[in-house]
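So this one's target.cif, mmCIF, N, CA, C and O atoms:
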data_data
loop_
_atom_site.label_atom_id
_atom_site.label_comp_id
_atom_site.auth_asym_id
_atom_site.auth_seq_id
_atom_site.Cartn_x
_atom_site.Cartn_y
_atom_site.Cartn_z
N MET A 291 148.88 68.73 54.33
CA MET A 291 149.61 69.63 55.21
C MET A 291 150.95 70.00 54.56
O MET A 291 151.75 69.14 54.26
N GLY A 292 151.16 71.28 54.32
CA GLY A 292 152.40 71.74 53.71
C GLY A 292 153.51 71.88 54.74
O GLY A 292 153.27 71.89 55.95
N ILE A 293 154.71 72.03 54.24
CA ILE A 293 155.86 72.15 55.15
C ILE A 293 155.74 73.37 56.05
O ILE A 293 156.15 73.33 57.20
N PHE A 294 155.14 74.46 55.58
CA PHE A 294 155.07 75.67 56.40
C PHE A 294 154.08 75.52 57.55
O PHE A 294 154.11 76.30 58.48
N ASN A 295 153.22 74.51 57.50
CA ASN A 295 152.36 74.24 58.64
C ASN A 295 153.18 73.85 59.86
O ASN A 295 152.76 74.03 60.99
N LEU A 296 154.38 73.33 59.62
CA LEU A 296 155.26 72.97 60.72
C LEU A 296 155.92 74.19 61.35
O LEU A 296 156.43 74.14 62.44
N PHE A 297 155.91 75.31 60.63
CA PHE A 297 156.60 76.52 61.08
C PHE A 297 155.63 77.68 61.26
O PHE A 297 155.83 78.76 60.74
N GLY A 298 154.57 77.48 61.99
CA GLY A 298 153.65 78.58 62.26
C GLY A 298 152.50 78.66 61.28
O GLY A 298 151.76 79.63 61.28
N GLY A 299 152.35 77.66 60.44
CA GLY A 299 151.21 77.60 59.55
C GLY A 299 151.42 78.36 58.26
O GLY A 299 152.12 79.35 58.20
N SER A 300 150.82 77.85 57.20
CA SER A 300 150.85 78.58 55.94
C SER A 300 149.69 79.57 55.95
O SER A 300 148.69 79.36 56.61
N THR A 301 149.87 80.63 55.22
CA THR A 301 148.86 81.68 55.22
C THR A 301 148.40 81.90 53.79
O THR A 301 149.22 82.02 52.88
N SER A 302 147.11 81.98 53.58
CA SER A 302 146.58 82.19 52.25
C SER A 302 146.80 83.63 51.80
O SER A 302 146.96 84.54 52.62
N VAL A 303 146.80 83.82 50.50
CA VAL A 303 146.92 85.16 49.93
C VAL A 303 145.79 86.05 50.47
O VAL A 303 146.03 87.20 50.84
N ALA A 304 144.59 85.49 50.56
CA ALA A 304 143.46 86.27 51.07
C ALA A 304 143.70 86.74 52.50
O ALA A 304 143.36 87.88 52.86
N SER A 305 144.29 85.89 53.32
CA SER A 305 144.59 86.27 54.71
C SER A 305 145.63 87.38 54.77
O SER A 305 145.50 88.33 55.53
N ILE A 306 146.67 87.25 53.96
CA ILE A 306 147.71 88.29 53.92
C ILE A 306 147.09 89.61 53.46
O ILE A 306 147.33 90.66 54.07
N GLU A 307 146.29 89.55 52.41
CA GLU A 307 145.65 90.77 51.91
C GLU A 307 144.75 91.39 52.97
O GLU A 307 144.72 92.61 53.14
N GLN A 308 144.01 90.56 53.71
CA GLN A 308 143.13 91.06 54.78
C GLN A 308 143.94 91.74 55.86
O GLN A 308 143.57 92.82 56.34
N TYR A 309 145.03 91.13 56.27
CA TYR A 309 145.89 91.73 57.29
C TYR A 309 146.44 93.08 56.79
O TYR A 309 146.47 94.06 57.54
N LEU A 310 146.87 93.13 55.54
CA LEU A 310 147.38 94.38 54.98
C LEU A 310 146.29 95.45 54.99
O LEU A 310 146.55 96.61 55.34
N GLN A 311 145.07 95.08 54.63
CA GLN A 311 143.95 96.03 54.64
C GLN A 311 143.66 96.52 56.05
O GLN A 311 143.18 97.64 56.23
N ASN A 312 143.96 95.70 57.05
CA ASN A 312 143.72 96.08 58.44
C ASN A 312 144.92 96.80 59.06
O ASN A 312 145.00 96.94 60.28
N GLY A 313 145.87 97.24 58.22
CA GLY A 313 146.98 98.04 58.70
C GLY A 313 148.12 97.26 59.32
O GLY A 313 148.88 97.81 60.13
N ALA A 314 148.27 96.00 58.95
CA ALA A 314 149.33 95.17 59.53
C ALA A 314 150.71 95.75 59.25
O ALA A 314 150.95 96.36 58.21
N VAL A 315 151.60 95.51 60.19
CA VAL A 315 153.00 95.84 60.04
C VAL A 315 153.70 94.59 59.52
O VAL A 315 153.47 93.49 60.03
N VAL A 316 154.54 94.75 58.50
CA VAL A 316 155.31 93.63 57.98
C VAL A 316 156.67 93.63 58.66
O VAL A 316 157.38 94.64 58.63
N ILE A 317 156.98 92.51 59.30
CA ILE A 317 158.28 92.36 59.96
C ILE A 317 159.06 91.28 59.23
O ILE A 317 158.63 90.12 59.16
N ASP A 318 160.18 91.68 58.66
CA ASP A 318 161.07 90.79 57.93
C ASP A 318 162.10 90.28 58.93
O ASP A 318 162.85 91.06 59.52
N VAL A 319 162.15 88.97 59.13
CA VAL A 319 163.02 88.39 60.16
C VAL A 319 164.34 87.85 59.61
O VAL A 319 165.06 87.15 60.31
N ARG A 320 164.67 88.23 58.39
CA ARG A 320 165.96 87.82 57.82
C ARG A 320 167.09 88.67 58.42
O ARG A 320 166.84 89.65 59.12
N THR A 321 168.32 88.30 58.11
CA THR A 321 169.47 89.07 58.58
C THR A 321 169.45 90.45 57.93
O THR A 321 168.79 90.67 56.90
N ILE A 322 170.20 91.37 58.51
CA ILE A 322 170.29 92.72 57.95
C ILE A 322 170.80 92.67 56.51
O ILE A 322 170.27 93.37 55.64
N GLU A 323 171.79 91.82 56.26
CA GLU A 323 172.36 91.70 54.92
C GLU A 323 171.31 91.22 53.91
O GLU A 323 171.22 91.76 52.80
N GLU A 324 170.53 90.22 54.29
CA GLU A 324 169.47 89.72 53.40
C GLU A 324 168.43 90.81 53.15
O GLU A 324 167.98 90.99 52.01
N PHE A 325 168.05 91.51 54.19
CA PHE A 325 167.05 92.58 54.10
C PHE A 325 167.52 93.66 53.13
O PHE A 325 166.73 94.15 52.31
N GLU A 326 168.79 94.02 53.20
CA GLU A 326 169.33 95.07 52.34
C GLU A 326 169.34 94.68 50.87
O GLU A 326 169.35 95.54 50.00
N GLU A 327 169.31 93.36 50.59
CA GLU A 327 169.29 92.89 49.20
C GLU A 327 167.92 93.05 48.55
O GLU A 327 167.79 92.96 47.34
N GLY A 328 166.89 93.28 49.35
CA GLY A 328 165.53 93.46 48.86
C GLY A 328 164.56 93.13 49.96
O GLY A 328 164.82 92.25 50.77
N HIS A 329 163.44 93.87 50.00
CA HIS A 329 162.46 93.67 51.06
C HIS A 329 161.13 94.32 50.69
O HIS A 329 161.06 95.05 49.71
N VAL A 330 160.12 94.05 51.49
CA VAL A 330 158.81 94.67 51.32
C VAL A 330 158.96 96.14 51.69
O VAL A 330 159.48 96.47 52.76
N GLN A 331 158.49 97.02 50.81
CA GLN A 331 158.56 98.45 51.09
C GLN A 331 157.82 98.76 52.39
O GLN A 331 156.70 98.33 52.59
N GLY A 332 158.49 99.49 53.28
CA GLY A 332 157.88 99.88 54.54
C GLY A 332 157.99 98.85 55.65
O GLY A 332 157.54 99.09 56.76
N SER A 333 158.58 97.70 55.35
CA SER A 333 158.70 96.65 56.38
C SER A 333 159.78 97.00 57.38
O SER A 333 160.68 97.80 57.11
N LYS A 334 159.68 96.38 58.56
CA LYS A 334 160.68 96.53 59.61
C LYS A 334 161.56 95.30 59.60
O LYS A 334 161.06 94.18 59.45
N ASN A 335 162.86 95.49 59.75
CA ASN A 335 163.78 94.37 59.80
C ASN A 335 164.12 94.07 61.26
O ASN A 335 164.78 94.86 61.93
N ILE A 336 163.62 92.94 61.75
CA ILE A 336 163.94 92.47 63.09
C ILE A 336 164.35 91.00 62.93
O ILE A 336 163.49 90.12 62.83
N PRO A 337 165.66 90.74 62.84
CA PRO A 337 166.12 89.36 62.65
C PRO A 337 165.55 88.41 63.70
O PRO A 337 165.37 88.79 64.86
N LEU A 338 165.26 87.19 63.26
CA LEU A 338 164.64 86.20 64.13
C LEU A 338 165.38 86.04 65.45
O LEU A 338 164.75 85.97 66.50
N ASN A 339 166.70 86.04 65.42
CA ASN A 339 167.45 85.81 66.65
C ASN A 339 167.35 86.97 67.64
O ASN A 339 167.84 86.87 68.76
N THR A 340 166.70 88.08 67.24
CA THR A 340 166.52 89.22 68.15
C THR A 340 165.05 89.49 68.46
O THR A 340 164.75 90.43 69.19
N ILE A 341 164.15 88.68 67.93
CA ILE A 341 162.71 88.96 68.06
C ILE A 341 162.28 89.04 69.52
O ILE A 341 161.46 89.89 69.90
N GLY A 342 162.85 88.20 70.37
CA GLY A 342 162.49 88.21 71.79
C GLY A 342 162.77 89.52 72.49
O GLY A 342 162.01 89.95 73.35
N SER A 343 163.84 90.19 72.08
CA SER A 343 164.18 91.46 72.73
C SER A 343 163.38 92.64 72.16
O SER A 343 163.50 93.76 72.65
N HIS A 344 162.56 92.38 71.15
CA HIS A 344 161.74 93.43 70.54
C HIS A 344 160.25 93.25 70.83
O HIS A 344 159.42 93.94 70.24
N LEU A 345 159.91 92.32 71.71
CA LEU A 345 158.49 92.03 71.97
C LEU A 345 157.71 93.26 72.42
O LEU A 345 156.61 93.51 71.92
N ASP A 346 158.25 94.02 73.36
CA ASP A 346 157.53 95.21 73.84
C ASP A 346 157.33 96.22 72.71
O ASP A 346 156.25 96.79 72.56
N GLU A 347 158.38 96.42 71.92
CA GLU A 347 158.29 97.34 70.78
C GLU A 347 157.19 96.91 69.81
O GLU A 347 156.40 97.73 69.34
N ILE A 348 157.14 95.62 69.51
CA ILE A 348 156.15 95.09 68.57
C ILE A 348 154.75 95.21 69.16
O ILE A 348 153.82 95.62 68.47
N LYS A 349 154.59 94.86 70.43
CA LYS A 349 153.28 94.98 71.08
C LYS A 349 152.81 96.43 71.10
O LYS A 349 151.63 96.71 70.90
N ASN A 350 153.74 97.36 71.32
CA ASN A 350 153.37 98.77 71.40
C ASN A 350 152.94 99.36 70.06
O ASN A 350 152.35 100.44 70.02
N LEU A 351 153.21 98.65 68.97
CA LEU A 351 152.73 99.11 67.66
C LEU A 351 151.19 99.08 67.63
O LEU A 351 150.58 99.86 66.92
N GLY A 352 150.62 98.15 68.40
CA GLY A 352 149.16 98.04 68.46
C GLY A 352 148.52 97.66 67.14
O GLY A 352 147.39 98.03 66.86
N LYS A 353 149.24 96.92 66.32
CA LYS A 353 148.75 96.52 64.99
C LYS A 353 148.99 95.03 64.79
O LYS A 353 149.89 94.46 65.40
N PRO A 354 148.22 94.43 63.88
CA PRO A 354 148.51 93.04 63.53
C PRO A 354 149.86 92.99 62.81
O PRO A 354 150.33 94.01 62.28
N VAL A 355 150.47 91.82 62.78
CA VAL A 355 151.80 91.66 62.21
C VAL A 355 151.80 90.54 61.18
O VAL A 355 151.19 89.49 61.38
N ILE A 356 152.51 90.79 60.08
CA ILE A 356 152.80 89.76 59.09
C ILE A 356 154.31 89.57 59.13
O ILE A 356 155.06 90.52 58.91
N THR A 357 154.75 88.36 59.42
CA THR A 357 156.18 88.08 59.40
C THR A 357 156.55 87.49 58.04
O THR A 357 155.74 86.82 57.40
N CYS A 358 157.77 87.77 57.58
CA CYS A 358 158.25 87.20 56.33
C CYS A 358 159.75 86.97 56.41
O CYS A 358 160.43 87.52 57.28
N CYS A 359 160.24 86.15 55.51
CA CYS A 359 161.68 85.87 55.44
C CYS A 359 162.00 85.42 54.02
O CYS A 359 161.34 85.86 53.07
N ARG A 360 162.97 84.55 53.84
CA ARG A 360 163.33 84.08 52.50
C ARG A 360 162.42 82.94 52.05
O ARG A 360 161.95 82.92 50.92
N SER A 361 162.18 81.99 52.94
CA SER A 361 161.43 80.79 52.55
C SER A 361 160.11 80.59 53.28
O SER A 361 159.26 79.85 52.82
N GLY A 362 159.96 81.22 54.43
CA GLY A 362 158.77 81.02 55.25
C GLY A 362 159.05 80.27 56.54
O GLY A 362 158.20 80.24 57.43
N ALA A 363 160.22 79.68 56.67
CA ALA A 363 160.55 78.91 57.88
C ALA A 363 160.82 79.83 59.07
O ALA A 363 160.21 79.68 60.13
N ARG A 364 161.72 80.79 58.89
CA ARG A 364 162.03 81.70 60.00
C ARG A 364 160.83 82.57 60.35
O ARG A 364 160.56 82.82 61.53
N SER A 365 160.09 83.00 59.33
CA SER A 365 158.92 83.84 59.61
C SER A 365 157.84 83.04 60.34
O SER A 365 157.11 83.58 61.17
N GLY A 366 157.76 81.74 60.07
CA GLY A 366 156.82 80.89 60.80
C GLY A 366 157.19 80.79 62.27
O GLY A 366 156.33 80.86 63.15
N SER A 367 158.48 80.65 62.52
CA SER A 367 158.95 80.61 63.92
C SER A 367 158.66 81.93 64.61
O SER A 367 158.20 81.96 65.76
N ALA A 368 158.91 83.04 63.91
CA ALA A 368 158.66 84.36 64.49
C ALA A 368 157.18 84.56 64.78
O ALA A 368 156.81 85.06 65.85
N ALA A 369 156.32 84.17 63.85
CA ALA A 369 154.87 84.32 64.06
C ALA A 369 154.42 83.51 65.27
O ALA A 369 153.61 83.98 66.08
N THR A 370 154.96 82.32 65.42
CA THR A 370 154.63 81.48 66.58
C THR A 370 155.04 82.16 67.88
O THR A 370 154.27 82.21 68.85
N ILE A 371 156.26 82.69 67.92
CA ILE A 371 156.76 83.38 69.12
C ILE A 371 155.85 84.57 69.44
O ILE A 371 155.46 84.77 70.60
N LEU A 372 155.53 85.36 68.43
CA LEU A 372 154.70 86.55 68.65
C LEU A 372 153.31 86.16 69.16
O LEU A 372 152.79 86.77 70.09
N LYS A 373 152.72 85.14 68.56
CA LYS A 373 151.39 84.68 69.02
C LYS A 373 151.43 84.22 70.47
O LYS A 373 150.51 84.48 71.23
N GLN A 374 152.52 83.54 70.83
CA GLN A 374 152.66 83.07 72.21
C GLN A 374 152.74 84.24 73.20
O GLN A 374 152.48 84.06 74.39
N HIS A 375 153.07 85.42 72.71
CA HIS A 375 153.16 86.61 73.56
C HIS A 375 152.01 87.58 73.31
O HIS A 375 152.10 88.77 73.62
N GLY A 376 150.92 87.07 72.73
CA GLY A 376 149.70 87.85 72.61
C GLY A 376 149.63 88.80 71.43
O GLY A 376 148.75 89.66 71.37
N VAL A 377 150.53 88.65 70.46
CA VAL A 377 150.51 89.50 69.27
C VAL A 377 149.70 88.80 68.19
O VAL A 377 149.85 87.60 67.96
N ASP A 378 148.83 89.54 67.51
CA ASP A 378 148.07 89.02 66.39
C ASP A 378 149.01 88.96 65.20
O ASP A 378 149.27 89.97 64.54
N ALA A 379 149.58 87.78 64.94
CA ALA A 379 150.60 87.63 63.90
C ALA A 379 150.31 86.44 63.00
O ALA A 379 149.79 85.42 63.45
N ILE A 380 150.66 86.60 61.72
CA ILE A 380 150.58 85.50 60.76
C ILE A 380 151.91 85.38 60.03
O ILE A 380 152.65 86.34 59.91
N ASN A 381 152.15 84.18 59.53
CA ASN A 381 153.33 83.91 58.73
C ASN A 381 153.02 84.24 57.28
O ASN A 381 152.24 83.54 56.64
N GLY A 382 153.64 85.30 56.77
CA GLY A 382 153.45 85.67 55.37
C GLY A 382 154.29 84.86 54.41
O GLY A 382 154.13 84.95 53.20
N GLY A 383 155.23 84.06 54.95
CA GLY A 383 156.09 83.24 54.10
C GLY A 383 157.19 84.06 53.47
O GLY A 383 157.68 85.03 54.05
N PRO A 384 157.57 83.73 52.24
CA PRO A 384 158.63 84.46 51.56
C PRO A 384 158.25 85.93 51.35
O PRO A 384 157.10 86.23 51.02
N TRP A 385 159.21 86.83 51.51
CA TRP A 385 158.90 88.26 51.42
C TRP A 385 158.33 88.62 50.04
O TRP A 385 157.47 89.48 49.94
N GLY A 386 158.76 87.94 49.00
CA GLY A 386 158.24 88.21 47.66
C GLY A 386 156.74 87.92 47.56
O GLY A 386 156.02 88.59 46.81
N SER A 387 156.29 86.93 48.32
CA SER A 387 154.84 86.62 48.32
C SER A 387 154.04 87.74 48.95
O SER A 387 152.94 88.04 48.51
N VAL A 388 154.61 88.36 49.99
CA VAL A 388 153.92 89.49 50.63
C VAL A 388 153.87 90.68 49.67
O VAL A 388 152.84 91.34 49.54
N VAL A 389 154.96 90.93 48.96
CA VAL A 389 155.00 92.02 47.98
C VAL A 389 153.88 91.80 46.95
O VAL A 389 153.17 92.74 46.57
N ASN A 390 153.71 90.55 46.50
CA ASN A 390 152.69 90.26 45.49
C ASN A 390 151.27 90.48 46.00
O ASN A 390 150.35 90.64 45.19
N CYS A 391 151.09 90.51 47.31
CA CYS A 391 149.75 90.73 47.89
C CYS A 391 149.44 92.21 48.10
O CYS A 391 148.31 92.56 48.39
N MET A 392 150.44 93.05 47.95
CA MET A 392 150.24 94.48 48.19
C MET A 392 149.57 95.10 46.98
O MET A 392 149.86 94.76 45.86
N LYS A 393 148.66 96.02 47.26
CA LYS A 393 147.93 96.68 46.17
C LYS A 393 148.35 98.11 46.02
O LYS A 393 148.76 98.75 46.90
#
Could you quickly redo this structure as structure tokens?
Amino acid sequence: MGIFNLFGGSTSVASIEQYLQNGAVVIDVRTIEEFEEGHVQGSKNIPLNTIGSHLDEIKNLGKPVITCCRSGARSGSAATILKQHGVDAINGGPWGSVVNCMK
């Protein structure tokens, strides 16, 4: 069991790629400043501390969600919160890992 299993589970590259193929939206839960330093192209920046106030917006996207951050801890928490509210979400871990899965 890896450390990210404690934060919403670790996600395999194959799972991330499958979600991307199914039109998933990537939500980066880092701070605005971190996001501006680099991010997944086309991702939405919704900092973890504001995710609760964006639940309706995220649900209305009608798409699966991949969360990401710097290390995978915050994105794991975000994925857990989203799943608890009926969103099909996975923890993509570090944003660079998600970039590496994009084709």
request  = Please identify all polymer residues within 8 Å of stretch 326-337 of chain A, counting only N, CA, C and O atoms, omitting same-chain residues fewer than 5 positions from it, and present them as number ranges by chain.
outcome  = A: 314-321, 342-344, 356-359, 364, 368, 385-386, 388-389
task = Evaluate the PyMOL selection byres ((chain A and resi 346-352) around 8) on the structure here and hand back the selected residues as an MDAnalysis selection string.
result = chainID A and resid 312:313 315 341:345 353:355 375:378
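A straight line drawn from atom C of A:Lys393 to atom C of A:Thr301 is 18.0 Å long.
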request  = Between atom CA of A:Gly382 and atom CA of A:Glu323, measure the distance and give it in Å to one decimal.
outcome  =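 These atoms are spaced 19.9 Å apart.
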key: Distance in Å - atom CA of A:Asn339 versus atom CA of A:Leu310   = 24.7 Å
task = Enumerate, as a VMD selection string, the complete set of residues in stretch 294-389 of chain A that a backbone-based DSSP assignment places in helix (DSSP H, G or I).
result = chain A and resid 294 to 297 303 to 311 322 to 326 338 to 351 363 to 374 385 to 389
task = Considering all atoms listed in the file, state which residue in the set A:Tyr309, A:Leu338, A:Ile322, A:Arg360 is at the smallest distance from A:Ser387.
result = A:Arg360
query = For A:Ala363, which residue among A:Ser305, A:Pro384, A:Cys391, A:Ala379 is the nearest when counting all atoms listed in the file?
reply = A:Pro384
Find the axis-aligned box for stretch 346-359 of chain A, covering all its listed atoms and adding 8 Å on each side, and write its centre and edge lengths in Å to one decimal as AutoDock Vina command-line options.
--center_x 154.7 --center_y 92.9 --center_z 63.5 --size_x 30.6 --size_y 31.0 --size_z 36.8
request  = Would you return as a list in words the members of chain A that DSSP assigns to strand (DSSP E) on this structure's backbone?
outcome  =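 Strand (DSSP E) assignments inside chain A correspond to Val315, Val316, Ile317, Asp318, Lys334, Asn335, Val355, Ile356, Thr357, Cys358, Cys359, Ala379, Ile380, Asn381, Gly382, Gly383 and Pro384 of chain A.
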